[in-house]
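Data from coords.tsv: TSV, C-alpha atoms and all ligand atoms
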chain	number	residue	atom	x	y	z
A	1	MET	CA	0.00	0.00	0.00
A	2	GLU	CA	1.26	3.50	-0.86
A	3	PRO	CA	1.87	5.56	2.29
A	4	ALA	CA	-0.59	8.43	2.61
A	5	ALA	CA	1.01	11.81	1.95
A	6	THR	CA	1.82	13.92	4.99
A	7	ILE	CA	-0.13	17.16	4.84
A	8	ARG	CA	1.42	20.53	5.64
A	9	LEU	CA	-0.96	22.56	7.82
A	10	ARG	CA	-0.70	26.33	7.88
A	11	ALA	CA	-0.17	28.38	11.03
A	12	THR	CA	-3.77	29.58	11.10
A	13	ASP	CA	-6.72	28.92	13.43
A	14	ASP	CA	-7.99	26.50	10.81
A	15	GLY	CA	-4.64	24.70	10.56
A	16	VAL	CA	-4.46	24.38	14.35
A	17	ALA	CA	-8.05	23.09	14.50
A	18	GLN	CA	-7.27	20.45	11.84
A	19	ALA	CA	-4.14	19.40	13.75
A	20	ALA	CA	-6.17	19.02	16.96
A	21	ASP	CA	-8.81	16.95	15.11
A	22	LEU	CA	-6.10	14.63	13.78
A	23	LEU	CA	-4.68	14.18	17.30
A	24	ARG	CA	-8.19	13.36	18.57
A	25	ALA	CA	-8.46	10.74	15.81
A	26	GLY	CA	-5.27	9.07	17.10
A	27	GLU	CA	-3.11	10.37	14.24
A	28	LEU	CA	0.42	11.78	14.50
A	29	VAL	CA	1.01	15.50	13.98
A	30	ALA	CA	4.41	17.19	14.03
A	31	PHE	CA	4.29	20.69	15.51
A	32	PRO	CA	6.80	23.45	16.23
A	33	THR	CA	8.05	24.24	19.72
A	34	GLU	CA	10.64	26.88	20.57
A	35	THR	CA	13.29	24.11	20.79
A	36	VAL	CA	12.71	21.61	17.94
A	37	TYR	CA	9.67	20.12	16.12
A	38	GLY	CA	7.84	17.53	18.22
A	39	LEU	CA	6.04	14.46	16.87
A	40	GLY	CA	2.75	14.73	18.73
A	41	ALA	CA	0.26	12.02	19.73
A	42	ASP	CA	-2.62	11.85	22.23
A	43	ALA	CA	-0.73	10.77	25.38
A	44	ARG	CA	-3.81	8.86	26.67
A	45	ASN	CA	-4.22	6.76	23.51
A	46	ASP	CA	-2.09	3.56	23.48
A	47	ILE	CA	-2.40	3.09	19.72
A	48	ALA	CA	-1.48	6.68	18.93
A	49	VAL	CA	1.57	6.48	21.22
A	50	ALA	CA	2.61	3.15	19.72
A	51	ARG	CA	2.49	4.81	16.30
A	52	VAL	CA	5.07	7.36	17.48
A	53	PHE	CA	7.58	4.61	18.22
A	54	GLU	CA	6.82	2.97	14.89
A	55	ALA	CA	7.13	6.19	12.84
A	56	LYS	CA	10.48	7.06	14.47
A	57	ALA	CA	11.69	3.44	14.60
A	58	ARG	CA	12.42	4.27	18.24
A	59	PRO	CA	13.35	1.63	20.83
A	60	GLN	CA	10.28	1.00	22.96
A	61	PHE	CA	12.10	1.39	26.26
A	62	ASN	CA	12.57	5.12	25.80
A	63	PRO	CA	9.90	7.21	27.51
A	64	LEU	CA	8.38	10.32	25.89
A	65	ILE	CA	7.92	13.90	27.09
A	66	VAL	CA	4.31	14.95	27.76
A	67	HIS	CA	3.40	18.47	26.64
A	68	VAL	CA	0.73	20.53	28.40
A	69	PRO	CA	-0.44	24.15	28.05
A	70	ASP	CA	-0.30	25.24	31.70
A	71	LEU	CA	0.81	24.38	35.23
A	72	ALA	CA	-2.66	23.15	36.25
A	73	ALA	CA	-2.55	20.54	33.47
A	74	ALA	CA	0.98	19.55	34.56
A	75	ARG	CA	-0.15	19.12	38.18
A	76	ALA	CA	-2.87	16.73	37.02
A	77	LEU	CA	-0.12	14.42	35.71
A	78	ALA	CA	2.66	14.61	38.30
A	79	GLU	CA	3.64	15.45	41.87
A	80	PHE	CA	5.79	18.57	42.22
A	81	PRO	CA	8.53	18.62	44.84
A	82	ASP	CA	9.28	22.18	46.10
A	83	ALA	CA	12.33	22.60	43.86
A	84	ALA	CA	10.30	21.52	40.82
A	85	LEU	CA	7.58	24.05	41.57
A	86	LEU	CA	10.19	26.79	41.94
A	87	LEU	CA	11.72	25.96	38.54
A	88	ALA	CA	8.30	25.58	36.88
A	89	GLN	CA	7.18	28.98	38.15
A	90	ALA	CA	10.43	30.62	37.03
A	91	PHE	CA	10.92	29.03	33.60
A	92	TRP	CA	7.59	27.74	32.26
A	93	PRO	CA	6.54	28.18	29.55
A	94	GLY	CA	9.99	27.56	28.12
A	95	PRO	CA	12.70	25.06	27.15
A	96	LEU	CA	12.68	23.10	30.43
A	97	THR	CA	11.40	19.54	31.00
A	98	LEU	CA	10.85	18.23	34.54
A	99	VAL	CA	10.95	14.50	35.35
A	100	LEU	CA	8.50	14.08	38.23
A	101	PRO	CA	6.69	11.35	40.18
A	102	LEU	CA	3.74	10.17	38.05
A	103	ARG	CA	0.29	10.58	39.64
A	104	ALA	CA	-1.71	7.38	39.84
A	105	ASP	CA	-4.72	9.13	38.25
A	106	ALA	CA	-2.73	10.80	35.42
A	107	GLY	CA	-4.51	8.74	32.78
A	108	LEU	CA	-1.47	8.44	30.49
A	109	SER	CA	-0.77	5.47	28.27
A	110	PRO	CA	1.90	3.34	30.02
A	111	LEU	CA	3.82	3.43	26.73
A	112	VAL	CA	4.49	7.14	27.34
A	113	THR	CA	6.40	6.53	30.55
A	114	ALA	CA	7.80	3.15	29.47
A	115	GLY	CA	6.29	1.81	32.69
A	116	LEU	CA	8.44	4.06	34.92
A	117	GLY	CA	7.10	5.71	38.07
A	118	THR	CA	8.08	9.12	36.70
A	119	VAL	CA	6.86	11.28	33.84
A	120	ALA	CA	8.71	13.97	31.86
A	121	VAL	CA	6.53	17.09	31.62
A	122	ARG	CA	7.09	20.15	29.46
A	123	LEU	CA	5.16	23.39	28.96
A	124	PRO	CA	6.35	24.85	25.66
A	125	GLU	CA	6.32	28.58	24.95
A	126	HIS	CA	5.90	28.53	21.15
A	127	PRO	CA	2.55	30.18	20.28
A	128	LEU	CA	1.59	27.40	17.82
A	129	ALA	CA	2.42	24.69	20.37
A	130	GLN	CA	0.33	26.56	22.94
A	131	ALA	CA	-2.54	26.98	20.46
A	132	LEU	CA	-2.48	23.29	19.53
A	133	LEU	CA	-2.36	22.10	23.16
A	134	ARG	CA	-5.31	24.33	24.05
A	135	ALA	CA	-7.33	23.33	20.95
A	136	PHE	CA	-6.66	19.64	21.65
A	137	GLY	CA	-7.41	19.96	25.35
A	138	GLY	CA	-5.34	16.98	26.56
A	139	PRO	CA	-1.74	15.90	27.17
A	140	VAL	CA	0.36	15.44	24.02
A	141	ALA	CA	3.27	12.99	24.02
A	142	ALA	CA	5.97	14.28	21.67
A	143	PRO	CA	9.54	13.19	21.07
A	144	SER	CA	11.62	15.19	18.62
A	145	ALA	CA	10.21	14.77	15.08
A	146	ASN	CA	13.14	12.90	13.51
A	147	PRO	CA	13.84	9.24	12.77
A	148	SER	CA	15.42	7.73	15.91
A	149	GLY	CA	19.11	8.56	16.27
A	150	ARG	CA	19.16	11.13	13.47
A	151	ILE	CA	19.50	14.92	13.40
A	152	SER	CA	16.58	16.70	15.10
A	153	ALA	CA	14.20	18.81	13.00
A	154	THR	CA	14.12	22.57	13.43
A	155	ARG	CA	12.16	23.28	10.20
A	156	PRO	CA	9.07	21.65	8.64
A	157	ASP	CA	11.17	20.54	5.65
A	158	HIS	CA	13.39	18.49	8.01
A	159	VAL	CA	10.27	16.79	9.41
A	160	LEU	CA	9.00	15.94	5.92
A	161	ALA	CA	12.42	14.70	4.78
A	162	GLY	CA	12.68	12.33	7.77
A	163	LEU	CA	9.08	11.30	8.44
A	164	GLY	CA	7.09	12.27	5.31
A	165	GLY	CA	4.54	9.54	4.44
A	166	ARG	CA	4.77	8.11	8.00
A	167	ILE	CA	2.79	10.80	9.84
A	168	ALA	CA	-0.53	12.53	9.13
A	169	ALA	CA	0.57	16.16	9.17
A	170	VAL	CA	3.10	18.80	10.07
A	171	LEU	CA	1.95	22.15	11.43
A	172	ASP	CA	4.18	24.66	9.67
A	173	GLY	CA	5.65	27.21	12.07
A	174	GLY	CA	8.86	27.89	10.15
A	175	ALA	CA	12.18	27.72	12.01
A	176	CYS	CA	12.37	26.93	15.74
A	177	PRO	CA	13.93	29.89	17.59
A	178	VAL	CA	15.99	28.04	20.26
A	179	GLY	CA	17.14	25.15	18.07
A	180	VAL	CA	18.28	22.59	20.68
A	181	GLU	CA	16.00	20.40	22.81
A	182	SER	CA	14.80	21.34	26.27
A	183	THR	CA	16.97	21.02	29.35
A	184	ILE	CA	15.78	18.01	31.40
A	185	VAL	CA	15.90	18.09	35.22
A	186	GLY	CA	15.10	15.21	37.59
A	187	PHE	CA	14.48	15.44	41.34
A	188	ALA	CA	15.08	12.01	42.91
A	189	GLY	CA	17.97	12.63	45.32
A	190	GLY	CA	18.00	16.42	44.71
A	191	ALA	CA	17.55	18.48	41.52
A	192	HIS	CA	19.94	17.16	38.90
A	193	LEU	CA	20.58	17.52	35.18
A	194	LEU	CA	19.41	14.67	32.90
A	195	ARG	CA	20.12	16.47	29.62
A	196	PRO	CA	21.70	19.87	28.93
A	197	GLY	CA	19.47	21.91	26.62
A	198	GLY	CA	17.91	25.21	25.69
A	199	LEU	CA	17.83	26.56	29.25
A	200	PRO	CA	21.41	27.00	30.52
A	201	THR	CA	22.29	25.23	33.80
A	202	GLU	CA	23.62	28.54	35.11
A	203	ALA	CA	20.03	29.90	35.03
A	204	LEU	CA	18.69	26.83	36.88
A	205	GLU	CA	21.32	27.09	39.62
A	206	ALA	CA	20.78	30.84	40.00
A	207	CYS	CA	17.05	30.19	40.51
A	208	LEU	CA	17.54	27.31	42.96
A	209	GLY	CA	20.26	29.18	44.85
A	210	TYR	CA	22.44	26.05	45.01
A	211	PRO	CA	24.33	23.86	42.54
A	212	LEU	CA	22.57	20.94	40.81
A	213	ALA	CA	23.26	17.53	42.35
A	214	PRO	CA	25.37	15.05	40.37
A	215	THR	CA	23.28	13.00	37.93
A	216	PRO	CA	22.56	9.68	39.65
A	217	THR	CA	23.26	6.44	37.83
A	218	THR	CA	20.46	4.42	39.37
A	219	PRO	CA	19.70	1.00	37.91
A	220	ASP	CA	16.15	2.05	36.95
A	221	ALA	CA	17.27	5.17	35.07
A	222	PRO	CA	15.98	4.83	31.51
A	223	SER	CA	18.45	4.62	28.68
A	224	ALA	CA	17.39	8.04	27.43
A	225	PRO	CA	18.08	8.20	23.70
A	226	GLY	CA	19.63	11.60	24.27
A	227	GLN	CA	21.98	9.76	26.69
A	228	LEU	CA	23.04	7.15	24.15
A	229	ALA	CA	26.55	7.70	22.86
A	230	SER	CA	25.50	7.89	19.20
A	231	HIS	CA	22.54	10.20	18.60
A	232	TYR	CA	21.66	13.28	16.51
A	233	ALA	CA	23.80	11.60	13.83
A	234	PRO	CA	24.17	12.79	10.25
A	235	ARG	CA	24.98	10.16	7.61
A	236	ALA	CA	28.39	11.79	7.16
A	237	GLN	CA	31.17	11.30	9.72
A	238	VAL	CA	31.70	14.13	12.22
A	239	ARG	CA	35.07	15.31	13.57
A	240	LEU	CA	35.16	17.77	16.49
A	241	ASN	CA	37.40	20.57	17.78
A	242	VAL	CA	38.90	21.17	14.36
A	243	THR	CA	40.81	24.36	13.61
A	244	ALA	CA	42.34	23.19	10.32
A	245	PRO	CA	40.02	20.94	8.24
A	246	ARG	CA	41.59	18.24	6.04
A	247	ALA	CA	41.28	18.31	2.26
A	248	GLY	CA	37.78	17.20	1.21
A	249	GLU	CA	36.17	17.83	4.60
A	250	LEU	CA	33.31	20.29	4.96
A	251	PHE	CA	34.08	22.80	7.73
A	252	LEU	CA	31.41	23.99	10.16
A	253	GLY	CA	32.78	27.08	11.90
A	254	PHE	CA	32.02	28.98	15.08
A	255	GLY	CA	33.16	32.58	15.56
A	256	LYS	CA	36.26	33.70	13.70
A	257	THR	CA	37.99	30.70	12.11
A	258	ALA	CA	41.58	30.39	10.89
A	259	ALA	CA	40.45	28.36	7.84
A	260	PRO	CA	37.47	29.43	5.69
A	261	ALA	CA	34.24	27.79	6.89
A	262	ASP	CA	31.62	26.26	4.54
A	263	LEU	CA	28.96	27.28	7.05
A	264	ASN	CA	29.33	29.06	10.39
A	265	LEU	CA	27.12	28.41	13.46
A	266	SER	CA	27.63	32.04	14.47
A	267	PRO	CA	30.27	34.22	12.80
A	268	ALA	CA	29.93	36.61	15.77
A	269	GLY	CA	30.59	33.77	18.27
A	270	ASP	CA	27.10	34.06	19.80
A	271	LEU	CA	26.02	30.78	21.47
A	272	VAL	CA	22.30	31.56	21.22
A	273	GLU	CA	22.60	32.04	17.46
A	274	ALA	CA	24.77	28.91	17.23
A	275	ALA	CA	22.15	26.78	19.02
A	276	ALA	CA	19.41	28.06	16.70
A	277	ASN	CA	21.56	27.15	13.66
A	278	LEU	CA	23.01	23.83	14.90
A	279	PHE	CA	20.62	21.21	13.48
A	280	TYR	CA	19.79	23.35	10.41
A	281	HIS	CA	23.47	23.62	9.47
A	282	LEU	CA	24.08	19.91	10.20
A	283	HIS	CA	21.19	18.99	7.87
A	284	ARG	CA	22.57	21.24	5.12
A	285	MET	CA	26.14	19.97	5.48
A	286	ASP	CA	24.98	16.35	5.58
A	287	ASP	CA	23.09	16.85	2.30
A	288	ARG	CA	26.28	18.22	0.73
A	289	ALA	CA	28.75	15.77	2.30
A	290	GLY	CA	26.84	12.55	1.55
A	291	PRO	CA	27.34	9.30	3.49
A	292	ASN	CA	31.05	9.03	2.70
A	293	GLY	CA	31.91	12.63	3.56
A	294	THR	CA	33.15	14.19	6.79
A	295	ILE	CA	31.92	17.29	8.58
A	296	ALA	CA	34.71	18.97	10.59
A	297	VAL	CA	33.44	21.21	13.39
A	298	ALA	CA	35.27	24.12	15.04
A	299	PRO	CA	35.52	24.21	18.86
A	300	VAL	CA	32.52	25.69	20.70
A	301	PRO	CA	32.96	27.10	24.25
A	302	ASP	CA	31.42	24.85	26.93
A	303	THR	CA	29.41	27.50	28.81
A	304	GLY	CA	25.73	28.51	28.71
A	305	LEU	CA	24.04	27.03	25.62
A	306	GLY	CA	27.48	25.81	24.53
A	307	ARG	CA	27.02	22.82	26.87
A	308	ALA	CA	23.90	21.69	24.99
A	309	ILE	CA	25.60	22.31	21.63
A	310	ASN	CA	28.69	20.30	22.61
A	311	ASP	CA	26.53	17.50	24.04
A	312	ARG	CA	24.72	17.17	20.68
A	313	LEU	CA	27.97	17.42	18.69
A	314	ARG	CA	29.71	14.73	20.80
A	315	ARG	CA	26.83	12.31	20.19
A	316	ALA	CA	26.71	13.20	16.47
A	317	ALA	CA	30.44	12.33	16.30
A	318	ALA	CA	30.27	9.13	18.42
A	319	PRO	CA	30.89	5.74	16.79
A	320	ARG	CA	27.62	4.49	15.27
A	321	PRO	CA	26.12	1.15	16.26
A	322	ALA	CA	26.26	-1.40	13.44
A	323	PRO	CA	23.00	-1.22	11.42
B	1	LIG	O1	12.73	20.13	23.43
B	1	LIG	C1	12.33	18.97	23.65
B	1	LIG	O2	12.43	18.44	24.75
B	1	LIG	C2	11.68	18.24	22.45
B	1	LIG	C3	10.38	18.97	22.10
B	1	LIG	C4	9.61	18.29	21.02
B	1	LIG	O3	9.61	19.14	23.26
B	1	LIG	N1	11.43	16.87	22.77
B	1	LIG	C5	12.43	15.95	22.88
B	1	LIG	O4	11.99	14.65	23.05
B	1	LIG	O5	13.60	16.25	22.81
B	1	LIG	P1	12.92	13.35	22.90
B	1	LIG	O6	12.00	12.19	22.99
B	1	LIG	O7	13.72	13.46	21.66
B	1	LIG	O8	13.79	13.37	24.17
B	1	LIG	C6	13.16	13.18	25.44
B	1	LIG	C7	14.14	12.73	26.46
B	1	LIG	C8	14.66	11.36	26.15
B	1	LIG	O9	16.06	11.36	26.35
B	1	LIG	C9	13.90	10.48	27.14
B	1	LIG	O10	14.51	9.28	27.43
B	1	LIG	C10	13.82	11.41	28.33
B	1	LIG	O11	13.49	12.66	27.73
B	1	LIG	N2	12.75	11.05	29.27
B	1	LIG	C11	11.44	10.99	29.02
B	1	LIG	N3	10.77	10.55	30.10
B	1	LIG	C12	11.69	10.32	31.06
B	1	LIG	C13	11.64	9.85	32.40
B	1	LIG	N4	10.49	9.50	32.99
B	1	LIG	N5	12.80	9.76	33.08
B	1	LIG	C14	13.97	10.11	32.50
B	1	LIG	N6	14.09	10.56	31.23
B	1	LIG	C15	12.97	10.66	30.51
B	2	MG	MG	15.31	13.38	20.19

What do you get writing this file as structure tokens?
Amino acid sequence: MEPAATIRLRATDDGVAQAADLLRAGELVAFPTETVYGLGADARNDIAVARVFEAKARPQFNPLIVHVPDLAAARALAEFPDAALLLAQAFWPGPLTLVLPLRADAGLSPLVTAGLGTVAVRLPEHPLAQALLRAFGGPVAAPSANPSGRISATRPDHVLAGLGGRIAAVLDGGACPVGVESTIVGFAGGAHLLRPGGLPTEALEACLGYPLAPTPTTPDAPSAPGQLASHYAPRAQVRLNVTAPRAGELFLGFGKTAAPADLNLSPAGDLVEAAANLFYHLHRMDDRAGPNGTIAVAPVPDTGLGRAINDRLRRAAAPRPAP
């Protein structure tokens, strides 16, 4: 059977209403958030959530983030320790995901949490994400809208290139302003970082008034795909901390570079601009380099959003598992 074409919905009231109807019908809809495009499904519908794993070819053991429009909806899903409430009040809506104890009456499909006793909750700021969540009126499970292990999507064209024909629709909101996924914080044994992301850890620690605890390595911690060594991977090879690219390599610069760059994450050396460009530039360079090419990347400072950028780059450069 021919796969049905994925429709591109416009950023209008009508487009949002159609997207919400598709979610209600158990279909998959990609939508923009301020970080990256999410692949949305009704988080209470087992079949819809199962379709997310199938469309992404994602390992079933990886739990999904649940998206809600406001704090009241988040509190219906999870318990909030004091530190979590403090962070939620300071940074939501925004690029922050909190991993919290799941409420018994949350009503989520167990596939969303992969059977864990915790749930990852996020309240996105993007106006189209907000509009869709309100029009739908329920929790939306959404991983990043890319095939598992590949470069995340920050534009609707990336979504269609990776998942076209496998999902019902993409709500077209143009480019995502932040460009790297949300920062994930857990609370078991003190507030700790599970994934660096669009909200710098410096901002979290300033709000809490104390440093984040070390990330625990408990036996029941999920193998978060963002924690796998190889992730966010282009088809091309990736080489990091390069100041002088080799002949034939494509060079992805940051700031002023000694060698001419094919593309530059931020010629001015601005980490916010670099984060917004990261996946977009990786997609463009991968298209040019092809599977046998190499993308050489200039060093990026490891402060602020630089930590999220370097985390993604390290995983993009990690040895790939055999297919
Ligand atoms: O910015 C973002 O967070 C984007 C947008 C779409 O919201 N979403 C995103 O989802 O990056 P995904 O599935 O690509 O990454 C979610 C991460 C994974 O590493 C997953 O394992 C982790 O969150 N996660 C989800 N539930 C968890 C839980 N209960 N405990 C620990 N980690 C969890
Ligand atoms: Mg992802």

Atom-to-atom span, atom CA of Thr33 of chain A and atom CA of Ala76 of chain A, Å: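 Those two atoms sit 21.8 Å apart.
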
Given only C-alpha atoms and all ligand atoms, how would the per-residue table for chain A near ligand MG 2 (chain B) read, listing every residue at most 9 Å away with its closest atom pair and distance in Å to one decimal, sorted by chain and number, as a tab-separated table?
residue	atom	partner	partner_atom	distance
A:Val36	CA	B:MG2	MG	8.9
A:Gly38	CA	B:MG2	MG	8.8
A:Pro143	CA	B:MG2	MG	5.8
A:Ser144	CA	B:MG2	MG	4.4
A:Ala145	CA	B:MG2	MG	7.4
A:Asn146	CA	B:MG2	MG	7.0
A:Pro147	CA	B:MG2	MG	8.6
A:Ser148	CA	B:MG2	MG	7.1
A:Gly149	CA	B:MG2	MG	7.3
A:Arg150	CA	B:MG2	MG	8.1
A:Ile151	CA	B:MG2	MG	8.1
A:Ser152	CA	B:MG2	MG	6.2
A:Glu181	CA	B:MG2	MG	7.5
A:Pro225	CA	B:MG2	MG	6.8
A:Gly226	CA	B:MG2	MG	6.2
A:His231	CA	B:MG2	MG	8.1
A:Tyr232	CA	B:MG2	MG	7.3

Skip Leu160 of chain A itself and residues of its chain fewer than 3 positions away, then list as a CSV table (one decimal) with C-alpha atoms, keeping the file's coordinate frame all residues within 12 Å of it, counting all atoms listed in the file.
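So the final result, stored in result_12.csv, reads:
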chain,number,residue,atom,x,y,z
A,5,ALA,CA,1.0,11.8,2.0
A,6,THR,CA,1.8,13.9,5.0
A,7,ILE,CA,-0.1,17.2,4.8
A,8,ARG,CA,1.4,20.5,5.6
A,29,VAL,CA,1.0,15.5,14.0
A,30,ALA,CA,4.4,17.2,14.0
A,31,PHE,CA,4.3,20.7,15.5
A,37,TYR,CA,9.7,20.1,16.1
A,39,LEU,CA,6.0,14.5,16.9
A,145,ALA,CA,10.2,14.8,15.1
A,146,ASN,CA,13.1,12.9,13.5
A,147,PRO,CA,13.8,9.2,12.8
A,152,SER,CA,16.6,16.7,15.1
A,153,ALA,CA,14.2,18.8,13.0
A,154,THR,CA,14.1,22.6,13.4
A,155,ARG,CA,12.2,23.3,10.2
A,156,PRO,CA,9.1,21.6,8.6
A,157,ASP,CA,11.2,20.5,5.6
A,163,LEU,CA,9.1,11.3,8.4
A,164,GLY,CA,7.1,12.3,5.3
A,165,GLY,CA,4.5,9.5,4.4
A,166,ARG,CA,4.8,8.1,8.0
A,167,ILE,CA,2.8,10.8,9.8
A,168,ALA,CA,-0.5,12.5,9.1
A,169,ALA,CA,0.6,16.2,9.2
A,170,VAL,CA,3.1,18.8,10.1
A,171,LEU,CA,2.0,22.2,11.4
A,172,ASP,CA,4.2,24.7,9.7

Pick out the residues no farther than 8 Å from ligand LIG 1 (chain B), counting only C-alpha atoms and all ligand atoms, and list them as a PyMOL selection string. chain A and resi 32-39+62-65+67+95-97+99-100+112-114+116-122+124+142-145+152+180-184+186+194-195+197-198+221-227

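Using all atoms listed in the file, the set of residues no farther than 6 Å from the position (3.1, 13.7, 27.4) comprises Ala43, Ile65, Val66, His67, Pro139, Val140 and Ala141 of chain A.
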
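Atom to atom, atom CA of Arg288 of chain A and atom CA of Val238 of chain A stand 13.3 Å apart.
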
Atom CA of Asp311 of chain A and atom CA of Ala229 of chain A, how far apart in Å?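 If I compute the distance from atom CA of Ala229 of chain A to atom CA of Asp311 of chain A, I get 9.9 Å.
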
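Compared by their closest atoms to Arg235 of chain A, and using all atoms listed in the file, the residues A:Ala289, A:Leu111, A:Ala129, A:Arg103 rank with A:Ala289 nearest.
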
Around (29.7, 26.4, 28.7) in the file's frame, which residues reach within 12 Å when counting only C-alpha atoms? Return as a PDB file with C-alpha atoms, in the coordinates of the input?
ATOM      1  CA  PRO A 196      21.700  19.870  28.930  1.00  0.00           C
ATOM      2  CA  GLY A 197      19.470  21.910  26.620  1.00  0.00           C
ATOM      3  CA  LEU A 199      17.830  26.560  29.250  1.00  0.00           C
ATOM      4  CA  PRO A 200      21.410  27.000  30.520  1.00  0.00           C
ATOM      5  CA  THR A 201      22.290  25.230  33.800  1.00  0.00           C
ATOM      6  CA  GLU A 202      23.620  28.540  35.110  1.00  0.00           C
ATOM      7  CA  LEU A 271      26.020  30.780  21.470  1.00  0.00           C
ATOM      8  CA  VAL A 272      22.300  31.560  21.220  1.00  0.00           C
ATOM      9  CA  PRO A 299      35.520  24.210  18.860  1.00  0.00           C
ATOM     10  CA  VAL A 300      32.520  25.690  20.700  1.00  0.00           C
ATOM     11  CA  PRO A 301      32.960  27.100  24.250  1.00  0.00           C
ATOM     12  CA  ASP A 302      31.420  24.850  26.930  1.00  0.00           C
ATOM     13  CA  THR A 303      29.410  27.500  28.810  1.00  0.00           C
ATOM     14  CA  GLY A 304      25.730  28.510  28.710  1.00  0.00           C
ATOM     15  CA  LEU A 305      24.040  27.030  25.620  1.00  0.00           C
ATOM     16  CA  GLY A 306      27.480  25.810  24.530  1.00  0.00           C
ATOM     17  CA  ARG A 307      27.020  22.820  26.870  1.00  0.00           C
ATOM     18  CA  ALA A 308      23.900  21.690  24.990  1.00  0.00           C
ATOM     19  CA  ILE A 309      25.600  22.310  21.630  1.00  0.00           C
ATOM     20  CA  ASN A 310      28.690  20.300  22.610  1.00  0.00           C
ATOM     21  CA  ASP A 311      26.530  17.500  24.040  1.00  0.00           C
TER      22      ASP A 311
END

Residue contacts of Leu204 of chain A (10 Å, only C-alpha atoms) excluding same-chain residues fewer than 6 positions away, as number ranges by chain: A: 86-87, 90-91, 96, 183, 185, 191-193, 210-212

Pick out the closest residue to Lys56 of chain A from this set: A:Leu28, A:Leu98, A:Ala275, A:Leu23. Count only C-alpha atoms.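 Checking each candidate against Lys56 of chain A, we get A:Leu28 as the closest.
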
Of the residues A:Leu278, A:Ala188, A:Ala19, A:Leu9, which is the one nearest to Phe80 of chain A, using all atoms listed in the file?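 Nearest candidate to Phe80 of chain A out of A:Leu278, A:Ala188, A:Ala19, A:Leu9: A:Ala188.
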
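The residue that comes closest to Ala247 of chain A, out of A:Thr294, A:Ser230, A:Asn264, A:Asn277 and on the basis of only C-alpha atoms, is A:Thr294.
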
Just the residues within 9 Å of Ala83 of chain A, please, counting all atoms listed in the file, with nothing from its chain fewer than 5 positions along; format it as a list in words.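 Once the nearby chain positions are removed, what remains is Ala88, Phe187, Gly190, Ala191 and Leu208 of chain A.
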
Leu123 of chain A proximity check over A:Thr215, A:Asn241, A:Ser109, A:Gln89, using all atoms listed in the file: winner is A:Gln89

May I have the residues within 12 Å of Ala17 of chain A as a PyMOL selection string, using only C-alpha atoms and disregarding those fewer than 2 positions away in the same chain? chain A and resi 9-15+19-24+29+128+131-137+171

Could you save the residues just selected, with C-alpha atoms, as a PDB file, in the frame of the given file?
ATOM      1  CA  LEU A   9      -0.960  22.560   7.820  1.00  0.00           C
ATOM      2  CA  ARG A  10      -0.700  26.330   7.880  1.00  0.00           C
ATOM      3  CA  ALA A  11      -0.170  28.380  11.030  1.00  0.00           C
ATOM      4  CA  THR A  12      -3.770  29.580  11.100  1.00  0.00           C
ATOM      5  CA  ASP A  13      -6.720  28.920  13.430  1.00  0.00           C
ATOM      6  CA  ASP A  14      -7.990  26.500  10.810  1.00  0.00           C
ATOM      7  CA  GLY A  15      -4.640  24.700  10.560  1.00  0.00           C
ATOM      8  CA  ALA A  19      -4.140  19.400  13.750  1.00  0.00           C
ATOM      9  CA  ALA A  20      -6.170  19.020  16.960  1.00  0.00           C
ATOM     10  CA  ASP A  21      -8.810  16.950  15.110  1.00  0.00           C
ATOM     11  CA  LEU A  22      -6.100  14.630  13.780  1.00  0.00           C
ATOM     12  CA  LEU A  23      -4.680  14.180  17.300  1.00  0.00           C
ATOM     13  CA  ARG A  24      -8.190  13.360  18.570  1.00  0.00           C
ATOM     14  CA  VAL A  29       1.010  15.500  13.980  1.00  0.00           C
ATOM     15  CA  LEU A 128       1.590  27.400  17.820  1.00  0.00           C
ATOM     16  CA  ALA A 131      -2.540  26.980  20.460  1.00  0.00           C
ATOM     17  CA  LEU A 132      -2.480  23.290  19.530  1.00  0.00           C
ATOM     18  CA  LEU A 133      -2.360  22.100  23.160  1.00  0.00           C
ATOM     19  CA  ARG A 134      -5.310  24.330  24.050  1.00  0.00           C
ATOM     20  CA  ALA A 135      -7.330  23.330  20.950  1.00  0.00           C
ATOM     21  CA  PHE A 136      -6.660  19.640  21.650  1.00  0.00           C
ATOM     22  CA  GLY A 137      -7.410  19.960  25.350  1.00  0.00           C
ATOM     23  CA  LEU A 171       1.950  22.150  11.430  1.00  0.00           C
TER      24      LEU A 171
END

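Using all atoms listed in the file, the smallest distance between any of A:Ala258, A:Ala236, A:Leu252, A:Ala73 and Val297 of chain A comes from A:Leu252.
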
Find the axis-aligned box for segment 178-184 of chain A, covering all its listed atoms and adding 6 Å on each side, and write its centre and edge lengths in Å to one decimal as JSON.
{"center_x": 16.5, "center_y": 23.0, "center_z": 24.7, "size_x": 15.5, "size_y": 22.0, "size_z": 25.3}
